[in-house]
file final17.cif (mmCIF, C-alpha atoms and all ligand atoms)
data_start
#
loop_
_atom_site.label_atom_id
_atom_site.label_comp_id
_atom_site.auth_asym_id
_atom_site.auth_seq_id
_atom_site.Cartn_x
_atom_site.Cartn_y
_atom_site.Cartn_z
CA ASN T 1 -5.03 -6.68 -26.91
CA PHE T 2 -3.72 -4.93 -23.79
CA ALA T 3 -0.22 -3.99 -24.98
CA PRO T 4 0.04 -0.67 -26.83
CA GLN T 5 1.53 1.36 -23.95
CA GLY T 6 3.90 -1.36 -22.75
CA TYR T 7 2.21 -2.04 -19.40
CA ASN T 8 0.80 -5.41 -20.46
CA ASP T 9 3.20 -7.42 -18.29
CA ASP T 10 2.60 -5.15 -15.30
CA LEU T 11 -1.17 -5.52 -15.63
CA ARG T 12 -0.80 -9.29 -15.82
CA LEU T 13 1.45 -9.25 -12.76
CA ALA T 14 -1.12 -7.15 -10.85
CA HIS T 15 -3.74 -9.79 -11.67
CA VAL T 16 -1.41 -12.58 -10.52
CA LEU T 17 -0.83 -10.70 -7.24
CA ALA T 18 -4.59 -10.25 -6.77
CA ASP T 19 -5.21 -13.94 -7.57
CA SER T 20 -2.61 -14.94 -5.00
CA VAL T 21 -4.20 -12.98 -2.11
CA ASP T 22 -7.92 -13.43 -2.91
CA ALA T 23 -8.09 -16.92 -1.38
CA GLN T 24 -6.20 -15.87 1.73
CA THR T 25 -8.30 -12.73 2.36
CA MET T 26 -11.52 -14.68 1.73
CA ASP T 27 -10.43 -17.33 4.25
CA ARG T 28 -9.80 -14.66 6.86
CA PHE T 29 -13.12 -12.91 6.01
CA LYS T 30 -14.98 -16.13 6.82
CA ALA T 31 -12.82 -17.06 9.81
CA LEU T 32 -14.08 -16.77 13.36
CA ASP T 33 -10.65 -15.98 14.80
CA LEU T 34 -9.84 -12.73 12.95
CA ARG T 35 -7.28 -10.75 14.93
CA ILE T 36 -8.28 -7.07 15.07
CA GLU T 37 -6.00 -4.32 16.38
CA THR T 38 -6.58 -0.58 16.62
CA LYS T 39 -4.12 1.71 14.84
CA PRO T 40 -2.90 5.01 16.34
CA ASP T 41 -5.56 6.80 14.25
CA LEU T 42 -8.17 4.58 16.00
CA THR T 43 -9.08 2.67 12.81
CA PRO T 44 -9.04 -1.16 12.75
CA VAL T 45 -6.40 -3.34 11.10
CA THR T 46 -6.50 -7.14 10.97
CA ASP T 47 -4.11 -10.00 10.38
CA ALA T 48 -5.76 -10.23 6.93
CA ASP T 49 -4.66 -6.68 5.99
CA LYS T 50 -1.10 -7.40 7.10
CA GLY T 51 -0.94 -10.88 5.59
CA ALA T 52 -2.18 -9.70 2.19
CA GLU T 53 0.27 -6.81 2.05
CA GLU T 54 3.18 -9.04 3.08
CA ALA T 55 2.30 -11.58 0.38
CA ILE T 56 2.07 -8.89 -2.32
CA ARG T 57 5.30 -7.18 -1.24
CA SER T 58 7.33 -10.37 -1.21
CA GLN T 59 6.11 -11.37 -4.69
CA LEU T 60 6.70 -7.86 -6.02
CA SER T 61 10.22 -7.65 -4.69
CA ARG T 62 11.04 -10.88 -6.52
CA ALA T 63 9.19 -10.02 -9.75
CA ARG T 64 10.15 -6.30 -9.93
CA PRO T 65 13.27 -5.88 -7.75
CA ARG T 66 14.02 -2.38 -9.07
CA ASP T 67 10.54 -0.92 -8.43
CA ALA T 68 9.61 1.01 -5.27
CA ILE T 69 6.66 -0.07 -3.11
CA LEU T 70 4.27 1.88 -0.90
CA GLY T 71 1.71 -0.04 1.16
CA GLU T 72 -0.74 1.11 3.80
CA GLU T 73 0.42 -1.25 6.54
CA PHE T 74 4.21 -1.50 5.95
CA GLY T 75 5.11 1.86 4.42
CA SER T 76 7.53 2.75 1.69
CA ILE T 77 10.63 1.04 0.32
CA GLY T 78 12.88 1.93 -2.61
CA HIS T 79 13.10 4.92 -4.96
CA GLY T 80 12.74 5.44 -8.65
CA PRO T 81 10.23 6.28 -11.35
CA ARG T 82 8.15 3.10 -10.92
CA ARG T 83 6.27 2.62 -7.66
CA TRP T 84 3.66 0.01 -6.74
CA ILE T 85 0.97 1.29 -4.39
CA ILE T 86 -0.93 -1.27 -2.35
CA ASP T 87 -4.01 -1.06 -0.16
CA PRO T 88 -4.20 -4.69 0.97
CA ILE T 89 -7.81 -4.34 2.15
CA ASP T 90 -9.78 -1.23 1.34
CA GLY T 91 -12.90 -1.26 3.49
CA THR T 92 -11.44 -2.83 6.64
CA LYS T 93 -14.42 -1.57 8.65
CA ASN T 94 -16.70 -3.54 6.34
CA PHE T 95 -14.36 -6.54 6.51
CA VAL T 96 -14.44 -6.72 10.31
CA ARG T 97 -18.26 -6.45 10.37
CA GLY T 98 -18.85 -9.12 7.72
CA VAL T 99 -19.96 -6.70 4.96
CA PRO T 100 -18.63 -7.98 1.61
CA VAL T 101 -17.68 -4.53 0.25
CA TRP T 102 -13.89 -4.68 0.60
CA ALA T 103 -11.13 -5.09 -1.96
CA THR T 104 -7.42 -5.39 -2.54
CA LEU T 105 -6.15 -2.37 -4.49
CA ILE T 106 -2.96 -2.65 -6.57
CA CYS T 107 -1.58 0.22 -8.63
CA LEU T 108 1.59 0.93 -10.61
CA VAL T 109 2.60 4.58 -10.82
CA ASP T 110 5.20 5.37 -13.49
CA GLU T 111 6.81 8.85 -13.53
CA GLY T 112 3.96 10.13 -11.34
CA VAL T 113 1.18 8.71 -13.53
CA PRO T 114 -1.02 5.81 -12.31
CA VAL T 115 -0.71 3.48 -15.30
CA VAL T 116 -2.09 0.16 -14.01
CA GLY T 117 -4.90 -0.38 -11.50
CA VAL T 118 -6.49 -3.61 -10.30
CA VAL T 119 -9.30 -3.74 -7.73
CA SER T 120 -10.17 -7.23 -6.58
CA ALA T 121 -13.28 -7.74 -4.45
CA PRO T 122 -13.56 -11.52 -3.98
CA ALA T 123 -16.46 -11.38 -1.51
CA LEU T 124 -18.46 -9.55 -4.19
CA GLY T 125 -17.10 -11.91 -6.87
CA LYS T 126 -15.91 -8.84 -8.80
CA ARG T 127 -12.72 -7.39 -10.24
CA TRP T 128 -12.11 -4.11 -12.07
CA TRP T 129 -8.91 -3.13 -13.84
CA ALA T 130 -7.30 -0.76 -16.33
CA SER T 131 -3.99 0.08 -17.88
CA LYS T 132 -3.10 3.37 -19.47
CA GLY T 133 -4.21 3.65 -23.06
CA THR T 134 -5.97 0.29 -23.23
CA GLY T 135 -9.32 0.87 -21.50
CA ALA T 136 -10.95 -0.25 -18.28
CA PHE T 137 -12.56 -3.64 -17.78
CA THR T 138 -14.45 -5.80 -15.36
CA GLY T 139 -14.83 -9.57 -15.26
CA LYS T 140 -13.48 -12.78 -13.84
CA SER T 141 -10.18 -12.72 -15.76
CA LEU T 142 -8.25 -10.90 -18.50
CA ALA T 143 -9.75 -13.33 -20.98
CA ALA T 144 -13.36 -12.97 -19.78
CA ALA T 145 -13.75 -9.22 -19.49
CA SER T 146 -16.21 -6.56 -20.49
CA ARG T 147 -15.26 -2.97 -21.18
CA LEU T 148 -16.26 -0.28 -18.69
CA LYS T 149 -17.79 3.00 -19.76
CA VAL T 150 -18.96 5.93 -17.65
CA SER T 151 -22.50 7.29 -17.95
CA ASN T 152 -23.56 10.14 -20.18
CA VAL T 153 -25.72 11.86 -17.55
CA SER T 154 -25.33 15.57 -18.14
CA LYS T 155 -27.61 17.21 -15.58
CA LEU T 156 -27.03 17.24 -11.83
CA SER T 157 -30.75 16.75 -11.35
CA ASP T 158 -30.40 13.36 -13.12
CA ALA T 159 -27.15 12.39 -11.38
CA SER T 160 -26.48 9.68 -8.81
CA MET T 161 -23.72 10.56 -6.33
CA SER T 162 -21.79 8.45 -3.85
CA TYR T 163 -20.07 10.03 -0.88
CA SER T 164 -18.67 9.15 2.56
CA SER T 165 -19.35 10.53 6.03
CA LEU T 166 -20.19 14.21 6.53
CA LYS T 167 -17.45 14.68 9.15
CA GLY T 168 -14.71 15.30 6.59
CA TRP T 169 -16.75 17.92 4.77
CA ARG T 170 -17.40 19.70 8.06
CA GLU T 171 -13.67 19.61 8.90
CA ARG T 172 -12.89 20.97 5.43
CA GLY T 173 -15.22 23.91 6.10
CA ASN T 174 -17.20 22.79 3.05
CA LEU T 175 -20.33 21.26 4.52
CA ASP T 176 -22.78 23.87 3.15
CA GLU T 177 -21.41 23.52 -0.39
CA PHE T 178 -21.49 19.74 -0.10
CA THR T 179 -25.06 19.56 1.19
CA SER T 180 -26.29 21.87 -1.56
CA LEU T 181 -24.52 19.58 -4.06
CA MET T 182 -26.34 16.62 -2.44
CA ASP T 183 -29.65 18.45 -2.72
CA SER T 184 -29.02 19.15 -6.42
CA THR T 185 -28.59 15.49 -7.37
CA TRP T 186 -31.22 12.94 -8.30
CA ARG T 187 -29.96 10.47 -5.72
CA THR T 188 -27.22 10.33 -3.11
CA ARG T 189 -26.00 7.14 -1.46
CA ALA T 190 -22.85 6.19 0.44
CA TYR T 191 -21.70 3.06 -1.40
CA GLY T 192 -18.33 3.54 0.23
CA ASP T 193 -14.64 2.94 -0.24
CA PHE T 194 -13.37 1.69 -3.65
CA TRP T 195 -16.90 0.72 -4.68
CA SER T 196 -18.10 4.30 -5.29
CA TYR T 197 -15.35 4.82 -7.87
CA CYS T 198 -15.81 1.44 -9.58
CA LEU T 199 -19.51 2.27 -9.90
CA VAL T 200 -18.55 5.54 -11.63
CA ALA T 201 -16.43 3.51 -14.07
CA GLU T 202 -19.39 1.18 -14.65
CA GLY T 203 -21.70 4.10 -15.43
CA ALA T 204 -23.97 3.16 -12.48
CA VAL T 205 -23.00 6.24 -10.45
CA ASP T 206 -22.10 9.63 -11.95
CA ILE T 207 -20.20 11.37 -9.13
CA ALA T 208 -18.06 10.01 -6.28
CA CYS T 209 -16.25 12.28 -3.87
CA GLU T 210 -14.45 12.19 -0.56
CA PRO T 211 -12.74 14.97 1.41
CA GLU T 212 -10.00 12.89 3.06
CA LEU T 213 -8.13 10.02 1.44
CA ASN T 214 -4.60 8.65 1.27
CA LEU T 215 -2.70 7.88 -1.90
CA TYR T 216 -3.19 4.12 -1.41
CA ASP T 217 -6.99 4.57 -1.09
CA MET T 218 -7.17 6.17 -4.55
CA ALA T 219 -4.25 5.30 -6.82
CA ALA T 220 -5.65 2.09 -8.35
CA LEU T 221 -9.00 3.77 -8.97
CA VAL T 222 -7.58 6.55 -11.15
CA PRO T 223 -6.82 4.51 -14.30
CA ILE T 224 -10.10 2.59 -13.84
CA VAL T 225 -12.16 5.79 -13.85
CA THR T 226 -10.18 7.65 -16.50
CA GLU T 227 -9.82 4.72 -18.92
CA ALA T 228 -13.61 4.25 -18.64
CA GLY T 229 -13.93 7.82 -19.96
CA GLY T 230 -14.36 9.63 -16.63
CA ARG T 231 -12.30 12.22 -14.81
CA PHE T 232 -10.43 11.85 -11.50
CA THR T 233 -9.06 14.91 -9.73
CA SER T 234 -8.68 16.37 -6.27
CA LEU T 235 -11.61 18.40 -4.94
CA GLU T 236 -9.68 21.45 -6.14
CA GLY T 237 -9.38 20.09 -9.68
CA ALA T 238 -5.75 18.83 -9.70
CA ASP T 239 -5.38 15.68 -11.84
CA GLY T 240 -4.60 12.34 -10.24
CA PRO T 241 -4.65 10.80 -6.75
CA PHE T 242 -2.11 13.07 -5.05
CA GLY T 243 -4.32 15.73 -3.44
CA GLY T 244 -5.48 14.01 -0.22
CA ASN T 245 -9.09 13.93 -1.43
CA ALA T 246 -10.98 12.80 -4.51
CA LEU T 247 -13.58 13.74 -7.07
CA ALA T 248 -14.43 11.19 -9.78
CA THR T 249 -17.17 11.83 -12.30
CA ASN T 250 -18.31 10.81 -15.74
CA GLY T 251 -16.36 13.84 -16.97
CA ILE T 252 -19.43 15.70 -18.20
CA LEU T 253 -20.44 16.80 -14.69
CA HIS T 254 -16.91 17.43 -13.42
CA SER T 255 -16.51 21.19 -13.78
CA GLU T 256 -20.03 21.90 -12.50
CA VAL T 257 -19.32 19.85 -9.36
CA LEU T 258 -15.90 21.50 -8.88
CA GLN T 259 -17.58 24.89 -9.20
CA MET T 260 -20.23 24.02 -6.59
CA LEU T 261 -17.65 22.76 -4.11
CA ASN T 262 -15.23 25.66 -4.73
CA PRO T 263 -17.23 28.78 -5.55
CA ASN T 264 -14.02 30.79 -6.10
CA LEU T 265 -12.44 28.35 -8.55
CA ASP T 266 -11.34 29.17 -12.13
CA PRO T 267 -14.45 28.24 -14.19
CA LEU T 268 -12.20 26.67 -16.87
CA LEU T 269 -11.14 23.78 -14.61
C1 LIG G 1 -10.61 3.66 4.22
C2 LIG G 1 -11.53 3.73 3.04
C3 LIG G 1 -12.64 4.71 3.30
C4 LIG G 1 -12.12 6.09 3.65
C5 LIG G 1 -11.16 6.01 4.80
C6 LIG G 1 -10.06 5.01 4.50
P1 LIG G 1 -9.24 1.38 4.69
O1 LIG G 1 -9.58 2.75 3.90
O2 LIG G 1 -10.83 4.11 1.87
O3 LIG G 1 -13.45 4.84 2.16
O4 LIG G 1 -13.21 6.93 3.96
O5 LIG G 1 -10.61 7.29 5.01
O6 LIG G 1 -9.19 4.93 5.61
O7 LIG G 1 -8.64 1.79 5.98
O8 LIG G 1 -10.48 0.59 4.84
O9 LIG G 1 -8.22 0.80 3.78
CA CA G 2 -6.88 1.26 7.13
CA CA G 3 -8.21 2.29 1.99
CA CA G 4 -6.61 -0.64 3.88
#

call {"tool": "encode", "arguments": {"input": "final17.cif", "output": "structure tokens", "more": "lines below"}}
Ligand code: IPD
Ligand code: CA
Ligand code: CA
Ligand code: CA
result
Amino acid sequence: NFAPQGYNDDLRLAHVLADSVDAQTMDRFKALDLRIETKPDLTPVTDADKGAEEAIRSQLSRARPRDAILGEEFGSIGHGPRRWIIDPIDGTKNFVRGVPVWATLICLVDEGVPVVGVVSAPALGKRWWASKGTGAFTGKSLAAASRLKVSNVSKLSDASMSYSSLKGWRERGNLDEFTSLMDSTWRTRAYGDFWSYCLVAEGAVDIACEPELNLYDMAALVPIVTEAGGRFTSLEGADGPFGGNALATNGILHSEVLQMLNPNLDPLL
């Protein structure tokens, strides 16, 4: 039963939106004529990114005409307490190189709280989702789902961490703190993009962090991590996906990691 907080219909809609773009993004992933452009920030964008976002936006504006929308490729439209946040393809660099680790991220934020998140990774044959108050799940459909739960690893020396490139940590002036965090863990791997955070929700990874992210890179992941029992904050400890960077953990390790990355931080965070 997914209904207690009243987001049941929104979660179902997010699944319908993901269903409707999975086939189209998969077709483009396999196609030999993918059109790749370079954005002003020198990152790639393809006709698949744009096509998926267009398809989601047009369905959303029919299904939820009063809700606002923010998408990576076509920006923001509308105002109000409810806003859908779309990353049509997270992991475009993987997508263009034929690596199957990419996903469509769909989130509903209500009054500033991410309440529904769906991550659909058709090339991996996986989907993860959550809605506020009802838990986080993975599976082929709402009907065939298993509940996600974070790990109970309590020591950094037993922890598995996923991160991204070192450049952002250097730019943040935080590289020494980050490398000593790396050295304190049991294992560090760059699983990348949405996948790091879904692995935290699955209990397969204990810490995921990144020094530079946009709202659409993170929003859908917040309910998935938190409803699985984990914690999602900025690197400074502010709750939610609004800080321009991310730290997701199993919750147990969260304050120790915050403390290592920010030696001057309030130890109560
Ligand atoms: C990227 C991914 C990646 C992050 C980059 C993002 P995109 O998103 O989220 O993990 O390190 O900063 O731009 O462009 O593939 O949607
Ligand atoms: Ca991009
Ligand atoms: Ca992204
Ligand atoms: Ca994207």

call {"tool": "residues_near_point", "arguments": {"input": "final17.cif", "point": "(-10.1, -5.1, -5.7)", "cutoff": "7 Å", "atoms": "all atoms listed in the file", "output": "ChimeraX atom specification"}}
result
/T:103-105,118-121,127-128

call {"tool": "closest_atom_pairs", "arguments": {"input": "final17.cif", "of": "chain T", "to": "ligand CA 2 (chain G)", "cutoff": "10 Å", "atoms": "only C-alpha atoms and all ligand atoms", "output": "Markdown table"}}
result
| residue | atom | partner | partner_atom | distance |
| --- | --- | --- | --- | --- |
| T:Thr38 | CA | G:CA2 | CA | 9.7 |
| T:Lys39 | CA | G:CA2 | CA | 8.2 |
| T:Asp41 | CA | G:CA2 | CA | 9.1 |
| T:Leu42 | CA | G:CA2 | CA | 9.6 |
| T:Thr43 | CA | G:CA2 | CA | 6.3 |
| T:Pro44 | CA | G:CA2 | CA | 6.5 |
| T:Val45 | CA | G:CA2 | CA | 6.1 |
| T:Thr46 | CA | G:CA2 | CA | 9.2 |
| T:Asp49 | CA | G:CA2 | CA | 8.3 |
| T:Glu72 | CA | G:CA2 | CA | 7.0 |
| T:Glu73 | CA | G:CA2 | CA | 7.7 |
| T:Asp87 | CA | G:CA2 | CA | 8.2 |
| T:Pro88 | CA | G:CA2 | CA | 9.0 |
| T:Ile89 | CA | G:CA2 | CA | 7.6 |
| T:Asp90 | CA | G:CA2 | CA | 6.9 |
| T:Gly91 | CA | G:CA2 | CA | 7.5 |
| T:Thr92 | CA | G:CA2 | CA | 6.1 |
| T:Lys93 | CA | G:CA2 | CA | 8.2 |
| T:Asn214 | CA | G:CA2 | CA | 9.7 |
| T:Tyr216 | CA | G:CA2 | CA | 9.7 |
| T:Asp217 | CA | G:CA2 | CA | 8.9 |

call {"tool": "closest_residue", "arguments": {"input": "final17.cif", "among": "T:Val257, T:Leu13, T:Val96, T:Leu148", "to": "Leu199 of chain T", "atoms": "only C-alpha atoms"}}
result
T:Leu148

call {"tool": "closest_atom_pairs", "arguments": {"input": "final17.cif", "of": "segment 74-140 of chain T", "to": "segment 227-230 of chain T", "cutoff": "7 Å", "atoms": "all atoms listed in the file", "output": "JSON lines"}}
result
{"residue": "T:Ala130", "atom": "CA", "partner": "T:Glu227", "partner_atom": "CA", "distance": 6.6}
{"residue": "T:Lys132", "atom": "CA", "partner": "T:Glu227", "partner_atom": "CA", "distance": 6.9}
{"residue": "T:Gly135", "atom": "CA", "partner": "T:Glu227", "partner_atom": "CA", "distance": 4.7}
{"residue": "T:Ala136", "atom": "CA", "partner": "T:Glu227", "partner_atom": "CA", "distance": 5.1}

call {"tool": "atom_distance", "arguments": {"input": "final17.cif", "atom1": "atom CA of Val21 of chain T", "atom2": "atom CA of Gly192 of chain T"}}
result
21.9 Å

call {"tool": "axis_aligned_box", "arguments": {"input": "final17.cif", "around": "ligand LIG 1 (chain G)", "padding_each_side": "4 Å", "output": "lines of an AutoDock Vina configuration file"}}
result
center_x = -10.8
center_y = 3.9
center_z = 3.9
size_x = 13.2
size_y = 14.7
size_z = 12.1

call {"tool": "atom_distance", "arguments": {"input": "final17.cif", "atom1": "atom CA of Val116 of chain T", "atom2": "atom CA of Ile252 of chain T"}}
result
23.7 Å

call {"tool": "closest_residue", "arguments": {"input": "final17.cif", "among": "T:Val101, T:Leu215, T:Cys198, T:Ala248", "to": "ligand CA 3 (chain G)", "atoms": "only C-alpha atoms and all ligand atoms"}}
result
T:Leu215

call {"tool": "atom_distance", "arguments": {"input": "final17.cif", "atom1": "atom CA of Arg82 of chain T", "atom2": "atom CA of Asp110 of chain T"}}
result
4.5 Å

call {"tool": "closest_residue", "arguments": {"input": "final17.cif", "among": "T:Leu32, T:Val109, T:Ala204, T:Val115", "to": "Ser151 of chain T", "atoms": "only C-alpha atoms"}}
result
T:Ala204

call {"tool": "closest_residue", "arguments": {"input": "final17.cif", "among": "T:Thr249, T:Asn94, T:Gln24, T:Asn264", "to": "ligand CA 4 (chain G)", "atoms": "only C-alpha atoms and all ligand atoms"}}
result
T:Asn94

call {"tool": "closest_residue", "arguments": {"input": "final17.cif", "among": "T:Asp27, T:Gly80, T:Ile36, T:Pro114", "to": "Met218 of chain T", "atoms": "all atoms listed in the file"}}
result
T:Pro114

call {"tool": "closest_residue", "arguments": {"input": "final17.cif", "among": "T:Gly237, T:Gly168, T:Pro263, T:Pro223", "to": "ligand LIG 1 (chain G)", "atoms": "only C-alpha atoms and all ligand atoms"}}
result
T:Gly168

call {"tool": "residues_around", "arguments": {"input": "final17.cif", "residues": "Gly117 of chain T", "least_positions_apart": "3", "cutoff": "8 Å", "atoms": "only C-alpha atoms", "output": "PyMOL selection string"}}
result
chain T and resi 11+14+105-108+114+129-131+219-224

call {"tool": "residues_around", "arguments": {"input": "final17.cif", "residues": "Arg64 of chain T", "least_positions_apart": "5", "cutoff": "12 Å", "atoms": "only C-alpha atoms", "output": "MDAnalysis selection string"}}
result
chainID T and resid 9:10 13:14 56:59 69 78 82:84 108

call {"tool": "build_atoms", "arguments": {"input": "final17.cif", "residues": "segment 26-39 of chain T", "atoms": "N, CA and C atoms", "output": "PDB file, in the coordinates of the input"}}
result
ATOM      1  N   MET T  26     -10.191 -14.068   1.585  1.00  0.00           N
ATOM      2  CA  MET T  26     -11.520 -14.680   1.730  1.00  0.00           C
ATOM      3  C   MET T  26     -11.568 -15.630   2.931  1.00  0.00           C
ATOM      4  N   ASP T  27     -10.499 -16.428   3.094  1.00  0.00           N
ATOM      5  CA  ASP T  27     -10.430 -17.330   4.250  1.00  0.00           C
ATOM      6  C   ASP T  27     -10.542 -16.563   5.557  1.00  0.00           C
ATOM      7  N   ARG T  28      -9.786 -15.449   5.623  1.00  0.00           N
ATOM      8  CA  ARG T  28      -9.800 -14.660   6.860  1.00  0.00           C
ATOM      9  C   ARG T  28     -11.141 -13.954   7.053  1.00  0.00           C
ATOM     10  N   PHE T  29     -11.806 -13.575   5.935  1.00  0.00           N
ATOM     11  CA  PHE T  29     -13.120 -12.910   6.010  1.00  0.00           C
ATOM     12  C   PHE T  29     -14.139 -13.854   6.647  1.00  0.00           C
ATOM     13  N   LYS T  30     -14.009 -15.148   6.303  1.00  0.00           N
ATOM     14  CA  LYS T  30     -14.980 -16.130   6.820  1.00  0.00           C
ATOM     15  C   LYS T  30     -14.581 -16.669   8.194  1.00  0.00           C
ATOM     16  N   ALA T  31     -13.320 -16.436   8.588  1.00  0.00           N
ATOM     17  CA  ALA T  31     -12.820 -17.060   9.810  1.00  0.00           C
ATOM     18  C   ALA T  31     -13.459 -16.446  11.057  1.00  0.00           C
ATOM     19  N   LEU T  32     -13.499 -17.257  12.104  1.00  0.00           N
ATOM     20  CA  LEU T  32     -14.080 -16.770  13.360  1.00  0.00           C
ATOM     21  C   LEU T  32     -13.005 -16.233  14.304  1.00  0.00           C
ATOM     22  N   ASP T  33     -11.727 -16.385  13.893  1.00  0.00           N
ATOM     23  CA  ASP T  33     -10.650 -15.980  14.800  1.00  0.00           C
ATOM     24  C   ASP T  33      -9.836 -14.810  14.229  1.00  0.00           C
ATOM     25  N   LEU T  34     -10.507 -13.913  13.504  1.00  0.00           N
ATOM     26  CA  LEU T  34      -9.840 -12.730  12.950  1.00  0.00           C
ATOM     27  C   LEU T  34      -9.205 -11.924  14.087  1.00  0.00           C
ATOM     28  N   ARG T  35      -7.939 -11.540  13.895  1.00  0.00           N
ATOM     29  CA  ARG T  35      -7.280 -10.750  14.930  1.00  0.00           C
ATOM     30  C   ARG T  35      -7.359  -9.270  14.548  1.00  0.00           C
ATOM     31  N   ILE T  36      -8.035  -8.486  15.366  1.00  0.00           N
ATOM     32  CA  ILE T  36      -8.280  -7.070  15.070  1.00  0.00           C
ATOM     33  C   ILE T  36      -7.502  -6.213  16.059  1.00  0.00           C
ATOM     34  N   GLU T  37      -6.684  -5.293  15.516  1.00  0.00           N
ATOM     35  CA  GLU T  37      -6.000  -4.320  16.380  1.00  0.00           C
ATOM     36  C   GLU T  37      -6.506  -2.931  16.021  1.00  0.00           C
ATOM     37  N   THR T  38      -6.204  -1.972  16.907  1.00  0.00           N
ATOM     38  CA  THR T  38      -6.580  -0.580  16.620  1.00  0.00           C
ATOM     39  C   THR T  38      -5.315   0.210  16.331  1.00  0.00           C
ATOM     40  N   LYS T  39      -5.300   0.921  15.224  1.00  0.00           N
ATOM     41  CA  LYS T  39      -4.120   1.710  14.840  1.00  0.00           C
ATOM     42  C   LYS T  39      -4.105   3.020  15.622  1.00  0.00           C
TER      43      LYS T  39
END
